[in-house]
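Containing CSV, C-alpha atoms: start03.csv.
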chain,number,residue,atom,x,y,z
A,1,MET,CA,0.0,0.0,0.0
A,2,PHE,CA,1.3,3.5,-0.8
A,3,LEU,CA,-0.4,6.3,1.0
A,4,VAL,CA,-0.3,9.6,-0.9
A,5,THR,CA,0.6,12.5,1.4
A,6,PRO,CA,-0.7,15.7,0.0
A,7,ILE,CA,1.7,18.7,-0.3
A,8,ILE,CA,0.5,22.2,-0.5
A,9,SER,CA,2.7,25.3,-1.0
A,10,ILE,CA,1.8,28.7,0.5
A,11,VAL,CA,3.3,31.2,-1.9
A,12,GLY,CA,3.3,35.0,-2.3
A,13,LYS,CA,5.5,38.0,-2.2
A,14,SER,CA,7.9,38.7,0.7
A,15,ASN,CA,6.2,40.1,3.8
A,16,VAL,CA,2.7,39.4,2.5
A,17,GLY,CA,2.0,37.2,5.5
A,18,LYS,CA,2.9,33.6,4.4
A,19,THR,CA,4.4,32.5,7.7
A,20,THR,CA,1.4,33.9,9.7
A,21,LEU,CA,-1.1,32.1,7.5
A,22,LEU,CA,1.0,28.9,7.6
A,23,GLU,CA,1.1,29.1,11.4
A,24,LYS,CA,-2.7,29.4,11.6
A,25,LEU,CA,-3.3,26.6,9.0
A,26,ILE,CA,-1.0,24.3,11.0
A,27,ALA,CA,-2.8,25.1,14.2
A,28,GLU,CA,-6.2,24.5,12.6
A,29,LEU,CA,-5.2,21.2,11.0
A,30,VAL,CA,-3.5,19.9,14.1
A,31,SER,CA,-6.6,20.8,16.2
A,32,SER,CA,-8.6,18.7,13.7
A,33,GLY,CA,-6.4,15.8,14.5
A,34,TYR,CA,-4.1,15.8,11.5
A,35,ARG,CA,-0.3,15.3,11.7
A,36,VAL,CA,1.4,18.1,9.8
A,37,ALA,CA,4.9,18.7,8.5
A,38,ALA,CA,6.1,22.1,7.4
A,39,ILE,CA,8.9,23.2,5.0
A,40,LYS,CA,10.0,26.7,4.7
A,41,HIS,CA,12.1,28.1,1.9
A,42,ASN,CA,14.4,30.9,3.0
A,43,LYS,CA,15.9,33.2,0.4
A,44,HIS,CA,18.5,34.8,2.6
A,45,GLY,CA,19.8,32.0,4.7
A,46,PHE,CA,19.0,31.5,8.3
A,47,ASP,CA,20.7,31.2,11.7
A,48,LEU,CA,18.9,28.5,13.6
A,49,ASP,CA,21.1,27.4,16.4
A,50,ARG,CA,21.9,29.2,19.6
A,51,PRO,CA,25.5,30.3,20.3
A,52,GLY,CA,27.0,28.1,23.0
A,53,LYS,CA,24.9,25.1,22.5
A,54,ASP,CA,26.8,21.9,21.8
A,55,THR,CA,25.5,21.6,18.2
A,56,TRP,CA,26.5,25.2,17.6
A,57,ARG,CA,30.0,24.4,18.9
A,58,LEU,CA,30.4,21.4,16.6
A,59,ALA,CA,29.2,23.4,13.6
A,60,ARG,CA,31.6,26.3,14.5
A,61,ALA,CA,34.4,23.8,14.8
A,62,GLY,CA,33.9,23.0,11.1
A,63,ALA,CA,31.5,20.1,10.8
A,64,SER,CA,29.6,20.4,7.5
A,65,ALA,CA,26.6,18.6,9.0
A,66,VAL,CA,25.5,18.3,12.6
A,67,ALA,CA,22.7,16.0,13.8
A,68,ILE,CA,21.3,15.7,17.3
A,69,ALA,CA,18.9,13.1,18.6
A,70,SER,CA,17.0,12.3,21.8
A,71,ALA,CA,14.2,10.0,22.6
A,72,HIS,CA,11.7,12.6,21.5
A,73,GLN,CA,13.2,14.6,18.7
A,74,LEU,CA,15.9,14.9,16.2
A,75,ALA,CA,17.5,17.7,14.3
A,76,VAL,CA,19.9,17.9,11.4
A,77,MET,CA,21.7,21.0,10.1
A,78,ARG,CA,23.6,20.7,6.9
A,79,GLU,CA,25.5,22.8,4.4
A,80,VAL,CA,24.2,22.5,0.9
A,81,GLU,CA,25.4,23.7,-2.5
A,82,GLY,CA,22.4,25.4,-4.1
A,83,GLU,CA,18.8,25.4,-3.1
A,84,PRO,CA,17.5,21.9,-2.5
A,85,ALA,CA,14.3,21.1,-4.5
A,86,LEU,CA,11.2,20.3,-2.5
A,87,GLU,CA,11.6,16.6,-3.6
A,88,GLU,CA,15.0,16.4,-1.9
A,89,LEU,CA,13.6,17.7,1.4
A,90,LEU,CA,10.6,15.5,1.7
A,91,PRO,CA,12.6,12.3,2.5
A,92,LEU,CA,14.3,14.1,5.4
A,93,LEU,CA,10.9,14.6,7.1
A,94,GLY,CA,10.4,10.9,7.7
A,95,ASP,CA,6.8,9.7,7.3
A,96,GLY,CA,3.5,9.4,9.1
A,97,TYR,CA,2.2,12.9,8.1
A,98,ASP,CA,-1.3,13.6,6.8
A,99,ILE,CA,-0.2,16.7,5.0
A,100,VAL,CA,3.0,18.7,4.2
A,101,LEU,CA,2.6,22.4,4.0
A,102,THR,CA,5.4,24.5,2.5
A,103,GLU,CA,6.1,28.2,2.6
A,104,GLY,CA,7.5,29.2,-0.8
A,105,TYR,CA,8.5,26.8,-3.6
A,106,LYS,CA,6.3,28.6,-6.1
A,107,ASN,CA,8.1,26.7,-8.9
A,108,GLY,CA,7.8,23.4,-7.2
A,109,PRO,CA,5.3,20.7,-8.1
A,110,ALA,CA,2.8,21.1,-5.4
A,111,PRO,CA,-0.7,22.7,-5.6
A,112,LYS,CA,-0.5,26.4,-4.4
A,113,VAL,CA,-2.3,28.7,-2.1
A,114,GLU,CA,-1.3,32.3,-2.9
A,115,VAL,CA,-1.4,34.9,-0.1
A,116,PHE,CA,-2.4,38.3,-1.5
A,117,ARG,CA,-2.7,41.7,0.0
A,118,ALA,CA,-3.6,44.7,-2.0
A,119,GLY,CA,-1.1,46.9,-0.2
A,120,VAL,CA,1.8,44.6,-1.1
A,121,TYR,CA,1.4,44.0,-4.8
A,122,ASP,CA,-0.9,44.4,-7.7
A,123,SER,CA,-1.8,41.0,-9.2
A,124,LEU,CA,-1.4,37.4,-8.4
A,125,LEU,CA,2.0,35.8,-8.8
A,126,CYS,CA,0.5,32.4,-9.8
A,127,GLY,CA,-1.0,31.8,-13.2
A,128,ASP,CA,-3.0,28.9,-14.4
A,129,GLU,CA,0.1,26.9,-15.0
A,130,ASP,CA,1.0,27.1,-11.3
A,131,CYS,CA,-1.8,24.8,-10.0
A,132,LEU,CA,-3.4,27.5,-7.9
A,133,ILE,CA,-6.0,25.9,-5.8
A,134,ALA,CA,-7.0,28.9,-3.6
A,135,VAL,CA,-6.2,32.5,-2.8
A,136,ALA,CA,-6.1,33.9,0.7
A,137,THR,CA,-6.6,37.6,0.3
A,138,ASP,CA,-7.8,40.9,1.8
A,139,VAL,CA,-9.5,42.0,-1.4
A,140,GLU,CA,-11.3,40.4,-4.2
A,141,VAL,CA,-8.9,39.3,-6.9
A,142,GLU,CA,-9.4,38.2,-10.5
A,143,THR,CA,-8.9,34.5,-10.6
A,144,GLY,CA,-10.8,31.3,-11.2
A,145,ALA,CA,-9.5,29.9,-7.9
A,146,PRO,CA,-11.6,30.0,-4.8
A,147,GLN,CA,-10.9,33.0,-2.6
A,148,PHE,CA,-10.7,33.0,1.2
A,149,PRO,CA,-10.4,35.9,3.7
A,150,LEU,CA,-6.8,36.3,4.8
A,151,ASP,CA,-7.9,36.8,8.4
A,152,ASN,CA,-9.9,33.6,8.6
A,153,ALA,CA,-7.6,30.5,8.3
A,154,SER,CA,-10.4,28.2,9.5
A,155,ALA,CA,-12.3,28.6,6.2
A,156,LEU,CA,-9.2,27.8,4.2
A,157,SER,CA,-8.3,25.0,6.5
A,158,ASP,CA,-11.8,23.5,6.0
A,159,PHE,CA,-11.4,23.8,2.2
A,160,ILE,CA,-8.0,22.0,2.3
A,161,GLU,CA,-9.4,19.3,4.6
A,162,GLU,CA,-12.3,18.7,2.3
A,163,LYS,CA,-10.3,18.7,-0.9
A,164,PHE,CA,-7.2,16.8,0.3
A,165,LEU,CA,-7.7,15.0,3.5
A,166,LYS,CA,-11.2,13.5,3.4
A,167,GLY,CA,-12.6,10.6,1.6
A,168,PRO,CA,-10.9,7.8,-0.4
A,169,ARG,CA,-7.8,9.8,-1.2
A,170,ARG,CA,-6.4,9.3,2.3
A,171,GLU,CA,-6.3,5.6,1.9
A,172,ARG,CA,-5.7,5.3,-1.8
A,173,THR,CA,-3.6,2.3,-2.7
A,174,LEU,CA,-1.4,2.3,-5.7
B,1,MET,CA,31.9,2.4,-6.7
B,2,PHE,CA,30.9,2.5,-3.1
B,3,LEU,CA,33.0,4.8,-0.9
B,4,VAL,CA,33.1,3.6,2.7
B,5,THR,CA,32.7,6.6,5.1
B,6,PRO,CA,34.2,5.7,8.5
B,7,ILE,CA,32.2,6.4,11.6
B,8,ILE,CA,33.8,6.9,15.0
B,9,SER,CA,31.9,7.3,18.3
B,10,ILE,CA,33.3,9.4,21.1
B,11,VAL,CA,31.9,7.8,24.3
B,12,GLY,CA,32.3,8.3,28.0
B,13,LYS,CA,30.4,9.3,31.1
B,14,SER,CA,28.4,12.6,31.3
B,15,ASN,CA,30.5,15.7,31.8
B,16,VAL,CA,33.7,13.9,31.1
B,17,GLY,CA,34.5,16.2,28.2
B,18,LYS,CA,33.1,14.4,25.1
B,19,THR,CA,31.8,17.6,23.4
B,20,THR,CA,35.0,19.4,24.0
B,21,LEU,CA,37.1,16.6,22.6
B,22,LEU,CA,34.8,16.2,19.6
B,23,GLU,CA,35.0,20.0,18.9
B,24,LYS,CA,38.8,19.8,18.9
B,25,LEU,CA,38.9,16.7,16.7
B,26,ILE,CA,36.5,18.2,14.2
B,27,ALA,CA,38.7,21.4,14.0
B,28,GLU,CA,41.9,19.2,13.5
B,29,LEU,CA,40.3,17.1,10.8
B,30,VAL,CA,38.8,20.0,9.0
B,31,SER,CA,42.1,21.9,9.1
B,32,SER,CA,43.7,18.8,7.5
B,33,GLY,CA,41.2,19.1,4.6
B,34,TYR,CA,38.6,16.5,5.6
B,35,ARG,CA,34.9,17.0,5.4
B,36,VAL,CA,33.3,16.0,8.7
B,37,ALA,CA,29.8,15.3,9.9
B,38,ALA,CA,28.9,15.1,13.5
B,39,ILE,CA,26.0,13.4,15.3
B,40,LYS,CA,25.3,14.0,19.0
B,41,HIS,CA,23.2,11.8,21.2
B,42,ASN,CA,21.3,13.7,23.8
B,43,LYS,CA,19.8,11.9,26.7
B,44,HIS,CA,17.6,14.7,28.1
B,45,GLY,CA,16.2,16.3,24.9
B,46,PHE,CA,17.3,19.6,23.5
B,47,ASP,CA,15.9,23.0,22.6
B,48,LEU,CA,17.5,24.0,19.5
B,49,ASP,CA,15.4,26.7,17.9
B,50,ARG,CA,15.1,30.3,18.9
B,51,PRO,CA,11.8,31.7,20.2
B,52,GLY,CA,10.3,34.0,17.6
B,53,LYS,CA,12.0,32.5,14.6
B,54,ASP,CA,9.7,31.3,11.8
B,55,THR,CA,10.7,27.7,12.3
B,56,TRP,CA,10.0,28.0,16.0
B,57,ARG,CA,6.6,29.5,15.2
B,58,LEU,CA,5.6,26.6,12.9
B,59,ALA,CA,6.7,24.0,15.5
B,60,ARG,CA,4.8,25.9,18.2
B,61,ALA,CA,1.7,25.9,16.0
B,62,GLY,CA,1.9,22.1,16.1
B,63,ALA,CA,3.9,20.9,13.1
B,64,SER,CA,5.5,17.5,14.0
B,65,ALA,CA,8.4,18.3,11.6
B,66,VAL,CA,9.8,21.6,10.4
B,67,ALA,CA,12.4,21.9,7.6
B,68,ILE,CA,14.0,25.1,6.4
B,69,ALA,CA,16.3,25.4,3.4
B,70,SER,CA,18.2,28.1,1.7
B,71,ALA,CA,20.9,28.1,-1.1
B,72,HIS,CA,23.6,27.3,1.5
B,73,GLN,CA,22.1,25.2,4.3
B,74,LEU,CA,19.1,23.2,5.3
B,75,ALA,CA,17.8,22.1,8.7
B,76,VAL,CA,15.2,19.7,9.8
B,77,MET,CA,13.6,19.3,13.2
B,78,ARG,CA,11.4,16.3,13.9
B,79,GLU,CA,9.5,14.6,16.6
B,80,VAL,CA,10.5,11.0,17.0
B,81,GLU,CA,9.1,8.1,19.1
B,82,GLY,CA,12.1,6.6,20.8
B,83,GLU,CA,15.8,7.2,20.3
B,84,PRO,CA,16.7,6.8,16.6
B,85,ALA,CA,19.6,4.4,16.0
B,86,LEU,CA,22.7,5.7,14.5
B,87,GLU,CA,21.9,3.9,11.3
B,88,GLU,CA,18.6,5.8,11.0
B,89,LEU,CA,20.4,9.2,11.4
B,90,LEU,CA,23.2,8.6,8.8
B,91,PRO,CA,20.9,9.0,5.7
B,92,LEU,CA,19.8,12.4,7.0
B,93,LEU,CA,23.3,13.8,6.8
B,94,GLY,CA,23.5,13.4,3.0
B,95,ASP,CA,26.8,12.4,1.6
B,96,GLY,CA,30.2,13.7,0.6
B,97,TYR,CA,31.8,13.3,4.1
B,98,ASP,CA,35.2,11.8,4.7
B,99,ILE,CA,34.3,10.9,8.3
B,100,VAL,CA,31.3,10.9,10.6
B,101,LEU,CA,32.1,11.5,14.3
B,102,THR,CA,29.4,10.8,16.9
B,103,GLU,CA,29.1,11.8,20.5
B,104,GLY,CA,27.5,8.9,22.4
B,105,TYR,CA,26.1,5.8,20.8
B,106,LYS,CA,28.2,3.5,23.0
B,107,ASN,CA,25.9,0.6,22.0
B,108,GLY,CA,26.1,1.5,18.3
B,109,PRO,CA,28.1,-0.3,15.7
B,110,ALA,CA,30.9,2.2,15.2
B,111,PRO,CA,34.5,1.9,16.6
B,112,LYS,CA,34.8,3.9,19.8
B,113,VAL,CA,37.1,6.4,21.4
B,114,GLU,CA,36.4,6.6,25.1
B,115,VAL,CA,37.0,9.8,27.0
B,116,PHE,CA,38.3,9.1,30.5
B,117,ARG,CA,39.1,11.4,33.4
B,118,ALA,CA,40.2,9.9,36.7
B,119,GLY,CA,38.1,12.5,38.6
B,120,VAL,CA,34.9,11.5,36.9
B,121,TYR,CA,34.9,7.7,37.2
B,122,ASP,CA,37.0,4.7,38.0
B,123,SER,CA,37.3,2.4,35.1
B,124,LEU,CA,36.6,2.4,31.4
B,125,LEU,CA,33.0,2.0,30.2
B,126,CYS,CA,34.1,0.2,27.0
B,127,GLY,CA,35.1,-3.4,27.1
B,128,ASP,CA,36.7,-5.5,24.4
B,129,GLU,CA,33.3,-6.1,22.8
B,130,ASP,CA,32.8,-2.4,22.2
B,131,CYS,CA,35.4,-2.0,19.5
B,132,LEU,CA,37.5,0.4,21.5
B,133,ILE,CA,40.1,1.9,19.2
B,134,ALA,CA,41.6,4.5,21.5
B,135,VAL,CA,41.3,6.2,24.9
B,136,ALA,CA,41.6,9.9,25.5
B,137,THR,CA,42.6,10.2,29.1
B,138,ASP,CA,44.2,12.4,31.8
B,139,VAL,CA,45.8,9.3,33.5
B,140,GLU,CA,47.1,6.0,32.4
B,141,VAL,CA,44.4,3.4,32.2
B,142,GLU,CA,44.4,-0.4,32.0
B,143,THR,CA,43.4,-1.2,28.4
B,144,GLY,CA,44.9,-2.8,25.3
B,145,ALA,CA,43.8,0.2,23.2
B,146,PRO,CA,46.2,3.1,22.5
B,147,GLN,CA,46.0,6.0,24.9
B,148,PHE,CA,46.2,9.7,24.1
B,149,PRO,CA,46.5,12.7,26.3
B,150,LEU,CA,43.0,14.3,26.7
B,151,ASP,CA,44.4,17.7,26.3
B,152,ASN,CA,46.1,17.0,22.9
B,153,ALA,CA,43.5,16.3,20.3
B,154,SER,CA,46.1,16.6,17.5
B,155,ALA,CA,47.8,13.3,18.4
B,156,LEU,CA,44.4,11.5,18.5
B,157,SER,CA,43.4,13.2,15.2
B,158,ASP,CA,46.6,12.0,13.6
B,159,PHE,CA,45.9,8.5,14.8
B,160,ILE,CA,42.4,8.6,13.4
B,161,GLU,CA,43.6,10.0,10.1
B,162,GLU,CA,46.3,7.3,9.8
B,163,LYS,CA,44.0,4.5,10.7
B,164,PHE,CA,40.8,5.5,8.9
B,165,LEU,CA,41.4,8.2,6.3
B,166,LYS,CA,44.7,7.4,4.6
B,167,GLY,CA,45.6,4.8,2.1
B,168,PRO,CA,43.5,2.5,0.0
B,169,ARG,CA,40.5,2.5,2.4
B,170,ARG,CA,39.4,5.9,1.2
B,171,GLU,CA,38.8,4.7,-2.3
B,172,ARG,CA,37.9,1.1,-1.7
B,173,THR,CA,35.3,-0.1,-4.2
B,174,LEU,CA,32.9,-2.8,-3.3
Show me, as structure tokens, the structure contained in the file I just sent.
Amino acid sequence: MFLVTPIISIVGKSNVGKTTLLEKLIAELVSSGYRVAAIKHNKHGFDLDRPGKDTWRLARAGASAVAIASAHQLAVMREVEGEPALEELLPLLGDGYDIVLTEGYKNGPAPKVEVFRAGVYDSLLCGDEDCLIAVATDVEVETGAPQFPLDNASALSDFIEEKFLKGPRRERTL
Amino acid sequence: MFLVTPIISIVGKSNVGKTTLLEKLIAELVSSGYRVAAIKHNKHGFDLDRPGKDTWRLARAGASAVAIASAHQLAVMREVEGEPALEELLPLLGDGYDIVLTEGYKNGPAPKVEVFRAGVYDSLLCGDEDCLIAVATDVEVETGAPQFPLDNASALSDFIEEKFLKGPRRERTL
């Protein structure tokens, strides 16, 4: 049996509110009993670890990859050469998720939800070729995709649940 | 061709100085031109991320796994049920390493270097069955394995380099 885990990418311009929407969607889906994984694309690099922690010390000493594991969690930090594609990141998550939500990866293969705010830019980033399944927006926009109020993640969460998480799809065997 | 990446586990009691030795070994090996990955076992759990960071927000919202990737690095933080074995962590590191050093994993399959300090405990943790290849110690101990001064990581690093990283082993084909 091969369970198909749906992946949905939250896309939109910088500072439009992608992380905030993703945070709310995760909370909604988790409170509905789903197990969620999240992947964030970061254009400018990131600085995750805390100075002084053992993992930080090992990375500072020159390790190209540092992993840490306990009975409850594991973490891996690695140098990479060039942005990893979404497909390369998925295996690192392990399995057992009902859904994977990503922030970014507009050019990736997953269905997209675009976050739009009239004050931030003028027209949608996603065209028909981008597999746009919904828009979370503070104004009405011109698109064939369903639109949801940006300040109400619960309506969008219900839509995602209905479309991707209910019914035979969850137990589809290939 | 199948390159065999050596794995060496640095073991010893809590607070004996494993992280400090590992940090020095990594620095020595990296300065000799080797690409090093490190894995740390943590008995009590860890708190890696920084409050307020986007990854922290997504985990706090309830995501069971959070990954972040840029053009230069990637990181994954995951919940697990029970301590992952060393063999489960290795694939998460990616590849291209000359050596993997671990802190802990005394019961794992890798050759061991035990860190010993007379003030911390009385006799070595590792027996003959543990594949003890060296002891880093502040006193002379009773063992058939070679002993190195705890305060001189360079001698131990040379030993590891000679034994695991030089000669035909590095390009062995299976």
Kindly provide the residues of chain A that approach chain B to within 8 Å, each paired with its closest atom pair and their distance in Å to one decimal, based on only C-alpha atoms, listed by chain and increasing number, as JSON lines.
{"residue": "A:Thr19", "atom": "CA", "partner": "B:Asp54", "partner_atom": "CA", "distance": 6.8}
{"residue": "A:Leu22", "atom": "CA", "partner": "B:Leu58", "partner_atom": "CA", "distance": 7.4}
{"residue": "A:Glu23", "atom": "CA", "partner": "B:Leu58", "partner_atom": "CA", "distance": 5.4}
{"residue": "A:Lys24", "atom": "CA", "partner": "B:Ala61", "partner_atom": "CA", "distance": 7.1}
{"residue": "A:Ile26", "atom": "CA", "partner": "B:Ala61", "partner_atom": "CA", "distance": 5.9}
{"residue": "A:Ala27", "atom": "CA", "partner": "B:Ala61", "partner_atom": "CA", "distance": 4.9}
{"residue": "A:Val30", "atom": "CA", "partner": "B:Gly62", "partner_atom": "CA", "distance": 6.2}
{"residue": "A:Arg35", "atom": "CA", "partner": "B:Ser64", "partner_atom": "CA", "distance": 6.6}
{"residue": "A:Val36", "atom": "CA", "partner": "B:Ala63", "partner_atom": "CA", "distance": 5.0}
{"residue": "A:Ala37", "atom": "CA", "partner": "B:Ala65", "partner_atom": "CA", "distance": 4.7}
{"residue": "A:Ala38", "atom": "CA", "partner": "B:Val66", "partner_atom": "CA", "distance": 4.8}
{"residue": "A:Ile39", "atom": "CA", "partner": "B:Ala67", "partner_atom": "CA", "distance": 4.5}
{"residue": "A:Lys40", "atom": "CA", "partner": "B:Ile68", "partner_atom": "CA", "distance": 4.6}
{"residue": "A:His41", "atom": "CA", "partner": "B:Ala69", "partner_atom": "CA", "distance": 5.2}
{"residue": "A:Asn42", "atom": "CA", "partner": "B:Ser70", "partner_atom": "CA", "distance": 4.9}
{"residue": "A:Lys43", "atom": "CA", "partner": "B:Ser70", "partner_atom": "CA", "distance": 5.7}
{"residue": "A:His44", "atom": "CA", "partner": "B:Ser70", "partner_atom": "CA", "distance": 6.8}
{"residue": "A:Gly45", "atom": "CA", "partner": "B:Ser70", "partner_atom": "CA", "distance": 5.2}
{"residue": "A:Phe46", "atom": "CA", "partner": "B:Ser70", "partner_atom": "CA", "distance": 7.5}
{"residue": "A:Leu48", "atom": "CA", "partner": "B:Asp49", "partner_atom": "CA", "distance": 5.8}
{"residue": "A:Asp49", "atom": "CA", "partner": "B:Leu48", "partner_atom": "CA", "distance": 5.8}
{"residue": "A:Arg50", "atom": "CA", "partner": "B:Leu48", "partner_atom": "CA", "distance": 6.8}
{"residue": "A:Asp54", "atom": "CA", "partner": "B:Thr19", "partner_atom": "CA", "distance": 6.8}
{"residue": "A:Thr55", "atom": "CA", "partner": "B:Lys40", "partner_atom": "CA", "distance": 7.6}
{"residue": "A:Arg57", "atom": "CA", "partner": "B:Glu23", "partner_atom": "CA", "distance": 6.7}
{"residue": "A:Leu58", "atom": "CA", "partner": "B:Glu23", "partner_atom": "CA", "distance": 5.3}
{"residue": "A:Ala61", "atom": "CA", "partner": "B:Ala27", "partner_atom": "CA", "distance": 5.0}
{"residue": "A:Gly62", "atom": "CA", "partner": "B:Ala27", "partner_atom": "CA", "distance": 5.8}
{"residue": "A:Ala63", "atom": "CA", "partner": "B:Val36", "partner_atom": "CA", "distance": 4.9}
{"residue": "A:Ser64", "atom": "CA", "partner": "B:Ala37", "partner_atom": "CA", "distance": 5.6}
{"residue": "A:Ala65", "atom": "CA", "partner": "B:Ala37", "partner_atom": "CA", "distance": 4.7}
{"residue": "A:Val66", "atom": "CA", "partner": "B:Ala38", "partner_atom": "CA", "distance": 4.8}
{"residue": "A:Ala67", "atom": "CA", "partner": "B:Ile39", "partner_atom": "CA", "distance": 4.5}
{"residue": "A:Ile68", "atom": "CA", "partner": "B:Lys40", "partner_atom": "CA", "distance": 4.7}
{"residue": "A:Ala69", "atom": "CA", "partner": "B:His41", "partner_atom": "CA", "distance": 5.2}
{"residue": "A:Ser70", "atom": "CA", "partner": "B:Asn42", "partner_atom": "CA", "distance": 4.9}
{"residue": "A:Ala71", "atom": "CA", "partner": "B:Glu83", "partner_atom": "CA", "distance": 4.0}
{"residue": "A:His72", "atom": "CA", "partner": "B:Val80", "partner_atom": "CA", "distance": 4.9}
{"residue": "A:Gln73", "atom": "CA", "partner": "B:Glu79", "partner_atom": "CA", "distance": 4.3}
{"residue": "A:Leu74", "atom": "CA", "partner": "B:Arg78", "partner_atom": "CA", "distance": 5.2}
{"residue": "A:Ala75", "atom": "CA", "partner": "B:Met77", "partner_atom": "CA", "distance": 4.4}
{"residue": "A:Val76", "atom": "CA", "partner": "B:Val76", "partner_atom": "CA", "distance": 5.3}
{"residue": "A:Met77", "atom": "CA", "partner": "B:Ala75", "partner_atom": "CA", "distance": 4.3}
{"residue": "A:Arg78", "atom": "CA", "partner": "B:Leu74", "partner_atom": "CA", "distance": 5.4}
{"residue": "A:Glu79", "atom": "CA", "partner": "B:Gln73", "partner_atom": "CA", "distance": 4.2}
{"residue": "A:Val80", "atom": "CA", "partner": "B:Gln73", "partner_atom": "CA", "distance": 4.8}
{"residue": "A:Glu81", "atom": "CA", "partner": "B:His72", "partner_atom": "CA", "distance": 5.7}
{"residue": "A:Gly82", "atom": "CA", "partner": "B:Ala71", "partner_atom": "CA", "distance": 4.3}
{"residue": "A:Glu83", "atom": "CA", "partner": "B:Ala71", "partner_atom": "CA", "distance": 4.0}
{"residue": "A:Pro84", "atom": "CA", "partner": "B:Ala69", "partner_atom": "CA", "distance": 7.0}
{"residue": "A:Leu89", "atom": "CA", "partner": "B:Ala67", "partner_atom": "CA", "distance": 7.6}
{"residue": "A:Leu92", "atom": "CA", "partner": "B:Leu92", "partner_atom": "CA", "distance": 6.0}
{"residue": "A:Leu93", "atom": "CA", "partner": "B:Ala65", "partner_atom": "CA", "distance": 6.3}
>> Residues within 8 Å of region 109-115 of chain A, please, as a PyMOL selection string. Count all atoms listed in the file; anything in the same chain fewer than 4 positions from it doesn't count.
In response: chain A and resi 7-13+16-18+124-126+130-137+150
>> As an exercise, work out the distance from CA of Val139 (chain A) to CA of Ala118 (chain A) in Å and give it to one decimal place.
In response: 6.5 Å
> What is the distance, in Å and to one decimal place, between CA of Gln147 (chain B) and CA of Gly119 (chain B)?
Replying inline: 17.1 Å
>> As an exercise, work out the distance from CA of Asp151 (chain A) to CA of Leu165 (chain A) in Å and give it to one decimal place.
In response: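 Taking CA of Asp151 (chain A) as the start and CA of Leu165 (chain A) as the end point, the length is 22.3 Å.
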> Which of these residues is nearest to Tyr105 (chain A), using all atoms listed in the file: A:Glu87, A:Asp158, A:Glu140, A:Asp128?
Replying inline: A:Glu87
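Of the listed residues B:Lys106, B:Arg117, B:Ser32, B:Pro51, the one whose atoms come nearest to Pro149 (chain B) is B:Arg117, with distances taken using all atoms listed in the file.
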